[in-house]
Amino acid sequence: MNTATFSRNSLWAYLQLLRPANIVTAWADVLAGFAASGYVGDLTPLAWLLLATTGLYGGGIVFNDVFDAQLDAVERPERPIPSGRASVLGATILGSSFLSVGVIAALQVSWKSATVAAIVASAALLYDAVGKHNAVLGPINMGVCRGGNLLLGVSVAPAMVGEYWYLALIAIAYIAGITTLSRDEVKVSNSTTRVTALSLIVIVLIGLLALGLLNNYEVLTALPFIVLFATRVLLPFIKAVRQPTPEQIRIAVKAGVLSLIVLDATLAAGFASWTYGLLVLSLLPISMALARIFAVT
């Protein structure tokens, strides 16, 4: 293999570590939070926050593979690090660089944005190193990462973070459901795990409808998005509960991850308008296209 071929293969391996399809879902979080903030003005802060979430999610997901290198060598030997196409050192440098960019980009908006970004980065590393190995802490830990990412979008108007902190609970419950189900992806365990995951998705749907109690959230505008969200997520989750094979669980988890965009579009539509919701939803085909090329889980 010549140097040029090696370089291309190495570059591709590190790109795989970043899981681009997932990063697109992180953009949707920020756009949804931006809608909830009610911010009106120059869009430069939004651009910084989109860069920030790219760094935070990309760095966090790379460190997932860094910490899992030995386990993946047994369970997923085809992944970049255990296959030898990427090194632990190279991945560590890449992940650290992305996390640093995430916090620095957020700092360009405000100290509160930087603080939220730093919390998300810390939560991501905690999950990668420890959280994922704990059946209770893991799902909550990952949920905090995504909930914080949503609040990162809200932080475009720093004062609103304290007003809308509870929006993070929707993201926490949803991600906890996906993370809980993903524990059966390699080896199927008892049915309690899957039923818990499905229950959390139902709670999220109830939460989305309950937002209609807010004066500035139009639940009727968001309703078509809620129906789409329920269809995309509930059906594969229910099937995973009824037919708990690793493949079916993998399908449900992938649908759950990609449908983060639909969840965010629902929030965006309710807080802003159906056109803004469609703008966020337009990220879905991009993420799905990338998911056909790069791994999601």
# chains A, B, ... in the order shown; residues from 1 in each chain; ligands from 1
$ residues_around --residues "A:Thr54" --least-positions-apart "3" --cutoff "9 Å" --atoms "only C-alpha atoms" --output "list in words"
Ile23, Val24, Ala26, Trp27, Leu49, Leu50, Leu51, Tyr57, Gly58, Gly59, Phe98, Leu99, Val101 and Gly102 of chain A
$ select_by_dssp --residues "stretch 53-84 of chain A" --states "helix (DSSP H, G or I)" --output "JSON, numbers by chain"
{"A": [53, 54, 55, 56, 57, 58, 59, 60, 61, 62, 63, 64, 65, 66, 67, 69, 70, 71, 72, 73, 74, 75]}
$ residues_around --residues "A:Arg19" --least-positions-apart "5" --cutoff "12 Å" --atoms "only C-alpha atoms" --output "PDB file with N, CA, C and O atoms, in the first residue's frame"
ATOM      1  N   TRP A  12     -10.156   8.498   6.238  1.00  0.00           N
ATOM      2  CA  TRP A  12     -11.500   7.928   6.253  1.00  0.00           C
ATOM      3  C   TRP A  12     -11.813   7.302   7.605  1.00  0.00           C
ATOM      4  O   TRP A  12     -12.924   7.436   8.134  1.00  0.00           O
ATOM      5  N   ALA A  13     -10.833   6.652   8.201  1.00  0.00           N
ATOM      6  CA  ALA A  13     -11.035   6.005   9.497  1.00  0.00           C
ATOM      7  C   ALA A  13     -11.344   7.040  10.578  1.00  0.00           C
ATOM      8  O   ALA A  13     -12.253   6.849  11.394  1.00  0.00           O
ATOM      9  N   TYR A  14     -10.620   8.138  10.577  1.00  0.00           N
ATOM     10  CA  TYR A  14     -10.860   9.174  11.582  1.00  0.00           C
ATOM     11  C   TYR A  14     -12.192   9.877  11.336  1.00  0.00           C
ATOM     12  O   TYR A  14     -12.859  10.316  12.275  1.00  0.00           O
ATOM     13  N   VAL A  24     -24.989  15.892  12.813  1.00  0.00           N
ATOM     14  CA  VAL A  24     -26.111  16.645  12.233  1.00  0.00           C
ATOM     15  C   VAL A  24     -27.269  16.707  13.219  1.00  0.00           C
ATOM     16  O   VAL A  24     -27.962  17.726  13.327  1.00  0.00           O
ATOM     17  N   THR A  25     -27.486  15.638  13.972  1.00  0.00           N
ATOM     18  CA  THR A  25     -28.564  15.658  14.976  1.00  0.00           C
ATOM     19  C   THR A  25     -28.253  16.663  16.084  1.00  0.00           C
ATOM     20  O   THR A  25     -29.157  17.231  16.685  1.00  0.00           O
ATOM     21  N   ALA A  26     -26.973  16.875  16.362  1.00  0.00           N
ATOM     22  CA  ALA A  26     -26.584  17.854  17.379  1.00  0.00           C
ATOM     23  C   ALA A  26     -26.894  19.275  16.899  1.00  0.00           C
ATOM     24  O   ALA A  26     -27.252  20.142  17.701  1.00  0.00           O
ATOM     25  N   THR A  54     -20.726  21.030  17.076  1.00  0.00           N
ATOM     26  CA  THR A  54     -19.966  20.125  16.209  1.00  0.00           C
ATOM     27  C   THR A  54     -18.729  19.627  16.947  1.00  0.00           C
ATOM     28  O   THR A  54     -18.413  18.429  16.929  1.00  0.00           O
ATOM     29  N   TYR A  57     -19.908  17.349  20.169  1.00  0.00           N
ATOM     30  CA  TYR A  57     -20.421  16.019  19.830  1.00  0.00           C
ATOM     31  C   TYR A  57     -19.333  15.183  19.167  1.00  0.00           C
ATOM     32  O   TYR A  57     -19.157  14.005  19.484  1.00  0.00           O
ATOM     33  N   GLY A  58     -18.615  15.823  18.220  1.00  0.00           N
ATOM     34  CA  GLY A  58     -17.550  15.085  17.536  1.00  0.00           C
ATOM     35  C   GLY A  58     -16.500  14.588  18.506  1.00  0.00           C
ATOM     36  O   GLY A  58     -16.095  13.419  18.469  1.00  0.00           O
ATOM     37  N   GLY A  59     -16.065  15.452  19.419  1.00  0.00           N
ATOM     38  CA  GLY A  59     -15.057  15.052  20.391  1.00  0.00           C
ATOM     39  C   GLY A  59     -15.558  13.976  21.324  1.00  0.00           C
ATOM     40  O   GLY A  59     -14.859  13.002  21.622  1.00  0.00           O
ATOM     41  N   GLY A  60     -16.785  14.127  21.790  1.00  0.00           N
ATOM     42  CA  GLY A  60     -17.344  13.140  22.703  1.00  0.00           C
ATOM     43  C   GLY A  60     -17.476  11.770  22.072  1.00  0.00           C
ATOM     44  O   GLY A  60     -17.167  10.752  22.695  1.00  0.00           O
ATOM     45  N   ILE A  61     -17.903  11.733  20.824  1.00  0.00           N
ATOM     46  CA  ILE A  61     -18.116  10.442  20.164  1.00  0.00           C
ATOM     47  C   ILE A  61     -16.800   9.762  19.814  1.00  0.00           C
ATOM     48  O   ILE A  61     -16.698   8.533  19.794  1.00  0.00           O
ATOM     49  N   VAL A  62     -15.754  10.563  19.549  1.00  0.00           N
ATOM     50  CA  VAL A  62     -14.426   9.991  19.286  1.00  0.00           C
ATOM     51  C   VAL A  62     -13.886   9.332  20.554  1.00  0.00           C
ATOM     52  O   VAL A  62     -13.350   8.216  20.516  1.00  0.00           O
ATOM     53  N   PHE A  63     -14.040  10.019  21.694  1.00  0.00           N
ATOM     54  CA  PHE A  63     -13.547   9.447  22.950  1.00  0.00           C
ATOM     55  C   PHE A  63     -14.327   8.197  23.348  1.00  0.00           C
ATOM     56  O   PHE A  63     -13.818   7.360  24.097  1.00  0.00           O
ATOM     57  N   ASN A  64     -15.540   8.053  22.839  1.00  0.00           N
ATOM     58  CA  ASN A  64     -16.295   6.824  23.067  1.00  0.00           C
ATOM     59  C   ASN A  64     -15.506   5.626  22.549  1.00  0.00           C
ATOM     60  O   ASN A  64     -15.387   4.592  23.213  1.00  0.00           O
ATOM     61  N   ASP A  65     -14.942   5.772  21.359  1.00  0.00           N
ATOM     62  CA  ASP A  65     -14.162   4.682  20.770  1.00  0.00           C
ATOM     63  C   ASP A  65     -12.793   4.549  21.411  1.00  0.00           C
ATOM     64  O   ASP A  65     -12.230   3.454  21.468  1.00  0.00           O
ATOM     65  N   ARG A  79     -14.297  -1.820  13.718  1.00  0.00           N
ATOM     66  CA  ARG A  79     -14.233  -0.384  13.968  1.00  0.00           C
ATOM     67  C   ARG A  79     -12.817   0.151  13.718  1.00  0.00           C
ATOM     68  O   ARG A  79     -11.833  -0.612  13.749  1.00  0.00           O
ATOM     69  N   PRO A  80     -12.682   1.460  13.486  1.00  0.00           N
ATOM     70  CA  PRO A  80     -11.394   2.044  13.083  1.00  0.00           C
ATOM     71  C   PRO A  80     -10.206   1.721  13.985  1.00  0.00           C
ATOM     72  O   PRO A  80      -9.129   1.378  13.488  1.00  0.00           O
ATOM     73  N   VAL A 257     -31.930   7.534  17.284  1.00  0.00           N
ATOM     74  CA  VAL A 257     -30.881   8.547  17.157  1.00  0.00           C
ATOM     75  C   VAL A 257     -31.221   9.549  16.050  1.00  0.00           C
ATOM     76  O   VAL A 257     -31.159  10.771  16.245  1.00  0.00           O
ATOM     77  N   LEU A 258     -31.598   9.033  14.883  1.00  0.00           N
ATOM     78  CA  LEU A 258     -31.903   9.920  13.766  1.00  0.00           C
ATOM     79  C   LEU A 258     -33.157  10.750  14.031  1.00  0.00           C
ATOM     80  O   LEU A 258     -33.282  11.880  13.548  1.00  0.00           O
ATOM     81  N   SER A 287     -28.912  13.679   7.508  1.00  0.00           N
ATOM     82  CA  SER A 287     -28.412  12.734   8.499  1.00  0.00           C
ATOM     83  C   SER A 287     -28.631  11.291   8.053  1.00  0.00           C
ATOM     84  O   SER A 287     -27.765  10.431   8.225  1.00  0.00           O
ATOM     85  N   MET A 288     -29.787  11.020   7.442  1.00  0.00           N
ATOM     86  CA  MET A 288     -30.086   9.658   6.979  1.00  0.00           C
ATOM     87  C   MET A 288     -29.140   9.246   5.852  1.00  0.00           C
ATOM     88  O   MET A 288     -28.703   8.087   5.788  1.00  0.00           O
ATOM     89  N   LEU A 290     -26.079  10.359   5.424  1.00  0.00           N
ATOM     90  CA  LEU A 290     -24.779  10.103   6.050  1.00  0.00           C
ATOM     91  C   LEU A 290     -24.786   8.787   6.826  1.00  0.00           C
ATOM     92  O   LEU A 290     -23.773   8.097   6.912  1.00  0.00           O
ATOM     93  N   ALA A 291     -25.959   8.438   7.388  1.00  0.00           N
ATOM     94  CA  ALA A 291     -26.074   7.199   8.162  1.00  0.00           C
ATOM     95  C   ALA A 291     -25.920   5.960   7.289  1.00  0.00           C
ATOM     96  O   ALA A 291     -25.607   4.866   7.775  1.00  0.00           O
ATOM     97  N   ARG A 292     -26.141   6.123   5.970  1.00  0.00           N
ATOM     98  CA  ARG A 292     -25.936   4.994   5.064  1.00  0.00           C
ATOM     99  C   ARG A 292     -24.449   4.776   4.757  1.00  0.00           C
ATOM    100  O   ARG A 292     -24.058   3.744   4.229  1.00  0.00           O
ATOM    101  N   ILE A 293     -23.660   5.793   5.097  1.00  0.00           N
ATOM    102  CA  ILE A 293     -22.216   5.724   4.825  1.00  0.00           C
ATOM    103  C   ILE A 293     -21.421   5.486   6.100  1.00  0.00           C
ATOM    104  O   ILE A 293     -20.456   4.714   6.110  1.00  0.00           O
ATOM    105  N   PHE A 294     -21.853   6.143   7.186  1.00  0.00           N
ATOM    106  CA  PHE A 294     -21.139   6.049   8.456  1.00  0.00           C
ATOM    107  C   PHE A 294     -22.011   5.395   9.515  1.00  0.00           C
ATOM    108  O   PHE A 294     -23.228   5.541   9.504  1.00  0.00           O
ATOM    109  N   ALA A 295     -21.365   4.721  10.472  1.00  0.00           N
ATOM    110  CA  ALA A 295     -22.086   4.089  11.564  1.00  0.00           C
ATOM    111  C   ALA A 295     -22.748   5.138  12.439  1.00  0.00           C
ATOM    112  O   ALA A 295     -22.252   6.259  12.575  1.00  0.00           O
ATOM    113  N   VAL A 296     -23.878   4.789  13.021  1.00  0.00           N
ATOM    114  CA  VAL A 296     -24.605   5.695  13.913  1.00  0.00           C
ATOM    115  C   VAL A 296     -24.413   5.250  15.356  1.00  0.00           C
ATOM    116  O   VAL A 296     -24.228   6.064  16.259  1.00  0.00           O
ATOM    117  N   THR A 297     -24.428   3.945  15.600  1.00  0.00           N
ATOM    118  CA  THR A 297     -24.254   3.404  16.956  1.00  0.00           C
ATOM    119  C   THR A 297     -22.851   2.886  17.135  1.00  0.00           C
ATOM    120  O   THR A 297     -22.089   2.786  16.181  1.00  0.00           O
TER     121      THR A 297
END
$ closest_residue --among "A:Asp72, A:Ile140, A:Ser83, A:Leu56" --to "A:Ala114" --atoms "only C-alpha atoms"
A:Leu56
$ residues_around --residues "A:Val130" --least-positions-apart "4" --cutoff "12 Å" --atoms "only C-alpha atoms" --output "list in words"
Phe63, Asn64, Phe67, Asp68, Ser122, Ala123, Ala124, Leu125, Leu126, Asn134, Ala135, Val136, Leu137, Gly138, Pro139, Asn141 and Met142 of chain A
$ write_last_selection --atoms "all heavy atoms" --output "compact mmCIF listing (two decimals), in the first residue's frame"
# COMPACT_ATOMS: atom_id res chain seq x y z
N PHE A 63 -14.04 10.02 21.69
CA PHE A 63 -13.55 9.45 22.95
C PHE A 63 -14.33 8.20 23.35
O PHE A 63 -13.82 7.36 24.10
CB PHE A 63 -13.61 10.49 24.07
CG PHE A 63 -12.35 11.30 24.18
CD1 PHE A 63 -12.32 12.63 23.78
CD2 PHE A 63 -11.18 10.73 24.66
CE1 PHE A 63 -11.15 13.37 23.86
CE2 PHE A 63 -10.01 11.46 24.75
CZ PHE A 63 -9.99 12.78 24.35
N ASN A 64 -15.54 8.05 22.84
CA ASN A 64 -16.30 6.82 23.07
C ASN A 64 -15.51 5.63 22.55
O ASN A 64 -15.39 4.59 23.21
CB ASN A 64 -17.65 6.90 22.36
CG ASN A 64 -18.45 5.62 22.51
OD1 ASN A 64 -18.96 5.32 23.58
ND2 ASN A 64 -18.54 4.84 21.44
N PHE A 67 -12.06 5.03 24.65
CA PHE A 67 -12.25 4.29 25.90
C PHE A 67 -12.72 2.86 25.66
O PHE A 67 -12.52 1.99 26.51
CB PHE A 67 -13.25 5.02 26.80
CG PHE A 67 -12.67 6.23 27.49
CD1 PHE A 67 -13.01 7.51 27.08
CD2 PHE A 67 -11.79 6.09 28.55
CE1 PHE A 67 -12.47 8.63 27.70
CE2 PHE A 67 -11.25 7.20 29.19
CZ PHE A 67 -11.59 8.47 28.76
N ASP A 68 -13.34 2.61 24.51
CA ASP A 68 -13.87 1.27 24.21
C ASP A 68 -12.93 0.43 23.35
O ASP A 68 -13.34 -0.63 22.86
CB ASP A 68 -15.22 1.39 23.49
CG ASP A 68 -16.38 1.46 24.46
OD1 ASP A 68 -16.13 1.43 25.68
OD2 ASP A 68 -17.54 1.54 24.01
N SER A 122 -17.61 17.79 29.73
CA SER A 122 -17.28 16.99 30.91
C SER A 122 -18.22 15.79 31.04
O SER A 122 -17.79 14.68 31.36
CB SER A 122 -17.36 17.86 32.17
OG SER A 122 -16.44 18.93 32.10
N ALA A 123 -19.50 16.03 30.78
CA ALA A 123 -20.49 14.95 30.86
C ALA A 123 -20.22 13.88 29.81
O ALA A 123 -20.39 12.68 30.06
CB ALA A 123 -21.90 15.51 30.70
N ALA A 124 -19.78 14.32 28.63
CA ALA A 124 -19.47 13.38 27.54
C ALA A 124 -18.29 12.48 27.94
O ALA A 124 -18.33 11.26 27.74
CB ALA A 124 -19.16 14.13 26.26
N LEU A 125 -17.25 13.09 28.49
CA LEU A 125 -16.08 12.31 28.92
C LEU A 125 -16.43 11.38 30.07
O LEU A 125 -15.95 10.24 30.12
CB LEU A 125 -14.95 13.24 29.33
CG LEU A 125 -14.29 14.02 28.18
CD1 LEU A 125 -13.28 15.02 28.72
CD2 LEU A 125 -13.61 13.07 27.20
N LEU A 126 -17.28 11.85 30.99
CA LEU A 126 -17.71 11.00 32.10
C LEU A 126 -18.47 9.79 31.58
O LEU A 126 -18.27 8.67 32.05
CB LEU A 126 -18.60 11.81 33.05
CG LEU A 126 -19.22 11.03 34.23
CD1 LEU A 126 -18.11 10.52 35.16
CD2 LEU A 126 -20.19 11.92 35.01
N ASN A 134 -22.63 1.83 33.65
CA ASN A 134 -23.57 1.77 34.76
C ASN A 134 -24.99 1.82 34.20
O ASN A 134 -25.35 2.75 33.48
CB ASN A 134 -23.33 2.96 35.71
CG ASN A 134 -24.16 2.88 36.97
OD1 ASN A 134 -25.38 3.02 36.92
ND2 ASN A 134 -23.51 2.67 38.10
N ALA A 135 -25.78 0.83 34.56
CA ALA A 135 -27.13 0.70 33.98
C ALA A 135 -28.04 1.87 34.32
O ALA A 135 -28.95 2.19 33.55
CB ALA A 135 -27.77 -0.61 34.47
N VAL A 136 -27.82 2.53 35.45
CA VAL A 136 -28.67 3.66 35.86
C VAL A 136 -28.02 4.98 35.48
O VAL A 136 -28.65 5.84 34.84
CB VAL A 136 -28.94 3.62 37.38
CG1 VAL A 136 -29.75 4.84 37.80
CG2 VAL A 136 -29.67 2.33 37.75
N LEU A 137 -26.76 5.16 35.85
CA LEU A 137 -26.05 6.41 35.57
C LEU A 137 -25.89 6.65 34.08
O LEU A 137 -26.04 7.79 33.60
CB LEU A 137 -24.67 6.39 36.24
CG LEU A 137 -23.74 7.57 35.92
CD1 LEU A 137 -24.35 8.88 36.42
CD2 LEU A 137 -22.36 7.35 36.53
N GLY A 138 -25.60 5.59 33.32
CA GLY A 138 -25.30 5.73 31.90
C GLY A 138 -26.38 6.45 31.09
O GLY A 138 -26.09 7.48 30.46
N PRO A 139 -27.60 5.97 31.09
CA PRO A 139 -28.66 6.63 30.33
C PRO A 139 -28.89 8.08 30.76
O PRO A 139 -29.10 8.97 29.93
CB PRO A 139 -29.90 5.76 30.60
CG PRO A 139 -29.33 4.41 30.88
CD PRO A 139 -28.07 4.68 31.65
N ASN A 141 -26.67 10.04 32.25
CA ASN A 141 -25.47 10.77 31.87
C ASN A 141 -25.52 11.20 30.40
O ASN A 141 -25.27 12.36 30.05
CB ASN A 141 -24.26 9.87 32.14
CG ASN A 141 -22.92 10.58 32.01
OD1 ASN A 141 -21.89 10.04 32.39
ND2 ASN A 141 -22.90 11.78 31.47
N MET A 142 -25.87 10.27 29.52
CA MET A 142 -25.97 10.60 28.10
C MET A 142 -27.09 11.60 27.85
O MET A 142 -26.98 12.50 27.01
CB MET A 142 -26.21 9.32 27.28
CG MET A 142 -26.37 9.59 25.78
SD MET A 142 -25.04 10.55 25.04
CE MET A 142 -23.73 9.34 24.99
$ residues_around --residues "A:Leu263" --least-positions-apart "5" --cutoff "10 Å" --atoms "only C-alpha atoms" --output "CSV table (one decimal) with all heavy atoms, in the first residue's frame"
chain,number,residue,atom,x,y,z
A,25,THR,N,-27.5,15.6,14.0
A,25,THR,CA,-28.6,15.7,15.0
A,25,THR,C,-28.3,16.7,16.1
A,25,THR,O,-29.2,17.2,16.7
A,25,THR,CB,-28.8,14.3,15.6
A,25,THR,OG1,-27.7,13.9,16.4
A,25,THR,CG2,-29.0,13.2,14.5
A,28,ALA,N,-29.4,20.1,15.2
A,28,ALA,CA,-30.9,20.2,15.4
A,28,ALA,C,-31.2,20.6,16.8
A,28,ALA,O,-32.1,21.4,17.1
A,28,ALA,CB,-31.6,18.9,15.0
A,29,ASP,N,-30.4,20.0,17.8
A,29,ASP,CA,-30.6,20.4,19.2
A,29,ASP,C,-30.4,21.9,19.4
A,29,ASP,O,-31.2,22.6,20.0
A,29,ASP,CB,-29.5,19.7,20.1
A,29,ASP,CG,-29.8,18.3,20.2
A,29,ASP,OD1,-30.9,17.8,20.0
A,29,ASP,OD2,-28.8,17.6,20.7
A,32,ALA,N,-33.2,24.0,17.8
A,32,ALA,CA,-34.4,23.9,18.6
A,32,ALA,C,-34.3,24.8,19.8
A,32,ALA,O,-35.2,25.6,20.2
A,32,ALA,CB,-34.7,22.5,19.1
A,170,ILE,N,-36.8,16.8,28.7
A,170,ILE,CA,-37.3,16.0,27.6
A,170,ILE,C,-36.2,15.3,26.8
A,170,ILE,O,-36.3,14.1,26.5
A,170,ILE,CB,-38.0,17.0,26.6
A,170,ILE,CG1,-39.3,17.5,27.2
A,170,ILE,CG2,-38.4,16.2,25.3
A,170,ILE,CD1,-40.0,18.5,26.4
A,171,ALA,N,-35.1,16.0,26.6
A,171,ALA,CA,-33.9,15.4,25.9
A,171,ALA,C,-33.3,14.3,26.8
A,171,ALA,O,-32.9,13.2,26.3
A,171,ALA,CB,-32.9,16.4,25.6
A,174,TYR,N,-35.6,11.2,26.6
A,174,TYR,CA,-35.5,10.6,25.3
A,174,TYR,C,-34.2,9.8,25.1
A,174,TYR,O,-34.2,8.6,24.7
A,174,TYR,CB,-35.7,11.6,24.2
A,174,TYR,CG,-35.7,11.0,22.8
A,174,TYR,CD1,-36.7,10.1,22.5
A,174,TYR,CD2,-34.7,11.4,21.9
A,174,TYR,CE1,-36.7,9.6,21.2
A,174,TYR,CE2,-34.7,10.9,20.6
A,174,TYR,CZ,-35.7,10.0,20.3
A,174,TYR,OH,-35.8,9.4,19.0
A,204,VAL,N,-41.8,11.0,26.9
A,204,VAL,CA,-41.4,12.1,26.1
A,204,VAL,C,-42.5,12.7,25.2
A,204,VAL,O,-42.7,13.9,25.1
A,204,VAL,CB,-40.2,11.7,25.1
A,204,VAL,CG1,-40.0,12.8,24.0
A,204,VAL,CG2,-39.0,11.5,25.9
A,205,LEU,N,-43.3,11.8,24.7
A,205,LEU,CA,-44.5,12.2,23.9
A,205,LEU,C,-45.5,13.0,24.8
A,205,LEU,O,-46.0,14.0,24.3
A,205,LEU,CB,-45.2,11.0,23.3
A,205,LEU,CG,-44.4,10.4,22.1
A,205,LEU,CD1,-45.0,9.0,21.7
A,205,LEU,CD2,-44.5,11.3,20.9
A,208,LEU,N,-44.1,16.4,25.3
A,208,LEU,CA,-44.3,17.3,24.2
A,208,LEU,C,-45.7,17.9,24.1
A,208,LEU,O,-45.9,19.1,23.8
A,208,LEU,CB,-44.0,16.6,22.9
A,208,LEU,CG,-42.5,16.2,22.6
A,208,LEU,CD1,-42.4,15.3,21.4
A,208,LEU,CD2,-41.6,17.4,22.5
A,225,PHE,N,-45.7,17.3,13.6
A,225,PHE,CA,-44.4,16.9,13.9
A,225,PHE,C,-44.4,15.8,15.0
A,225,PHE,O,-43.6,14.9,15.0
A,225,PHE,CB,-43.5,18.1,14.4
A,225,PHE,CG,-43.3,19.1,13.3
A,225,PHE,CD1,-44.2,20.1,13.1
A,225,PHE,CD2,-42.2,19.0,12.4
A,225,PHE,CE1,-44.0,21.1,12.1
A,225,PHE,CE2,-42.0,20.0,11.4
A,225,PHE,CZ,-42.9,21.0,11.3
A,226,ILE,N,-45.3,16.0,16.0
A,226,ILE,CA,-45.4,15.0,17.1
A,226,ILE,C,-45.8,13.7,16.5
A,226,ILE,O,-45.3,12.6,16.9
A,226,ILE,CB,-46.4,15.5,18.1
A,226,ILE,CG1,-45.8,16.7,18.9
A,226,ILE,CG2,-46.7,14.4,19.2
A,226,ILE,CD1,-46.8,17.3,19.9
A,228,LEU,N,-45.4,12.6,13.4
A,228,LEU,CA,-44.3,12.0,12.7
A,228,LEU,C,-43.3,11.4,13.6
A,228,LEU,O,-42.7,10.3,13.4
A,228,LEU,CB,-43.6,13.1,11.8
A,228,LEU,CG,-42.3,12.7,11.1
A,228,LEU,CD1,-42.6,11.6,10.1
A,228,LEU,CD2,-41.7,13.9,10.4
A,229,PHE,N,-43.0,12.1,14.7
A,229,PHE,CA,-42.0,11.6,15.7
A,229,PHE,C,-42.5,10.3,16.3
A,229,PHE,O,-41.7,9.3,16.4
A,229,PHE,CB,-41.8,12.7,16.8
A,229,PHE,CG,-41.0,12.2,17.9
A,229,PHE,CD1,-39.6,12.0,17.8
A,229,PHE,CD2,-41.6,12.0,19.2
A,229,PHE,CE1,-38.9,11.6,18.9
A,229,PHE,CE2,-40.8,11.6,20.3
A,229,PHE,CZ,-39.5,11.4,20.1
A,230,ALA,N,-43.8,10.2,16.7
A,230,ALA,CA,-44.3,9.0,17.3
A,230,ALA,C,-44.2,7.9,16.3
A,230,ALA,O,-43.9,6.7,16.7
A,230,ALA,CB,-45.7,9.3,17.7
A,233,VAL,N,-40.5,6.6,15.9
A,233,VAL,CA,-39.8,6.0,17.0
A,233,VAL,C,-40.6,4.9,17.7
A,233,VAL,O,-40.1,3.9,18.0
A,233,VAL,CB,-39.5,7.1,18.1
A,233,VAL,CG1,-38.8,6.5,19.3
A,233,VAL,CG2,-38.7,8.2,17.4
A,256,GLY,N,-34.1,5.8,16.7
A,256,GLY,CA,-34.2,6.8,17.8
A,256,GLY,C,-33.2,7.9,17.7
A,256,GLY,O,-33.5,9.0,17.9
A,258,LEU,N,-31.6,9.0,14.9
A,258,LEU,CA,-31.9,9.9,13.8
A,258,LEU,C,-33.2,10.8,14.0
A,258,LEU,O,-33.3,11.9,13.5
A,258,LEU,CB,-32.1,9.1,12.5
A,258,LEU,CG,-30.8,8.4,12.0
A,258,LEU,CD1,-31.1,7.6,10.7
A,258,LEU,CD2,-29.7,9.4,11.7
A,268,ALA,N,-39.0,23.1,17.8
A,268,ALA,CA,-38.8,24.3,17.0
A,268,ALA,C,-40.1,24.9,16.4
A,268,ALA,O,-40.4,26.1,16.4
A,268,ALA,CB,-37.8,24.1,15.8
A,277,GLY,N,-39.8,24.8,11.9
A,277,GLY,CA,-39.8,23.4,12.2
A,277,GLY,C,-39.4,22.6,11.0
A,277,GLY,O,-38.6,21.6,11.1
A,280,VAL,N,-35.6,22.8,10.4
A,280,VAL,CA,-34.9,21.8,11.3
A,280,VAL,C,-35.1,20.4,10.7
A,280,VAL,O,-34.1,19.6,10.7
A,280,VAL,CB,-35.4,21.9,12.7
A,280,VAL,CG1,-34.7,20.9,13.6
A,280,VAL,CG2,-35.1,23.3,13.3
A,281,LEU,N,-36.3,20.1,10.3
A,281,LEU,CA,-36.6,18.8,9.8
A,281,LEU,C,-35.8,18.4,8.5
A,281,LEU,O,-35.5,17.3,8.2
A,281,LEU,CB,-38.1,18.6,9.6
A,281,LEU,CG,-38.6,17.2,9.2
A,281,LEU,CD1,-38.4,16.3,10.4
A,281,LEU,CD2,-40.1,17.3,8.9
$ atom_distance --atom1 "atom CA of A:Arg194" --atom2 "atom CA of A:Ala255"
14.9 Å
$ residues_around --residues "A:Ser110" --least-positions-apart "5" --cutoff "12 Å" --atoms "only C-alpha atoms" --output "list in words"
Pro45, Leu46, Trp48, Leu49, Val103, Ile104, Ala105, Thr115, Val116, Ala117, Leu152, Gly153, Val154, Ser155, Val156, Ala157, Pro158 and Ala159 of chain A
$ atom_distance --atom1 "atom CA of A:Cys145" --atom2 "atom CA of A:Thr179"
12.0 Å
$ residues_around --residues "A:Tyr276" --least-positions-apart "4" --cutoff "12 Å" --atoms "only C-alpha atoms" --output "list in words"
Ala28, Leu31, Ala32, Phe34, Ala35, Ala36, Thr221, Ala222, Phe225, Asp264, Ala265, Thr266, Leu267, Ala268, Ala269, Gly270, Phe271, Ala272, Val280, Leu281, Ser282 and Leu283 of chain A
$ closest_residue --among "A:Leu167, A:Leu200, A:Val241, A:Val195" --to "A:Gly33" --atoms "only C-alpha atoms"
A:Leu167
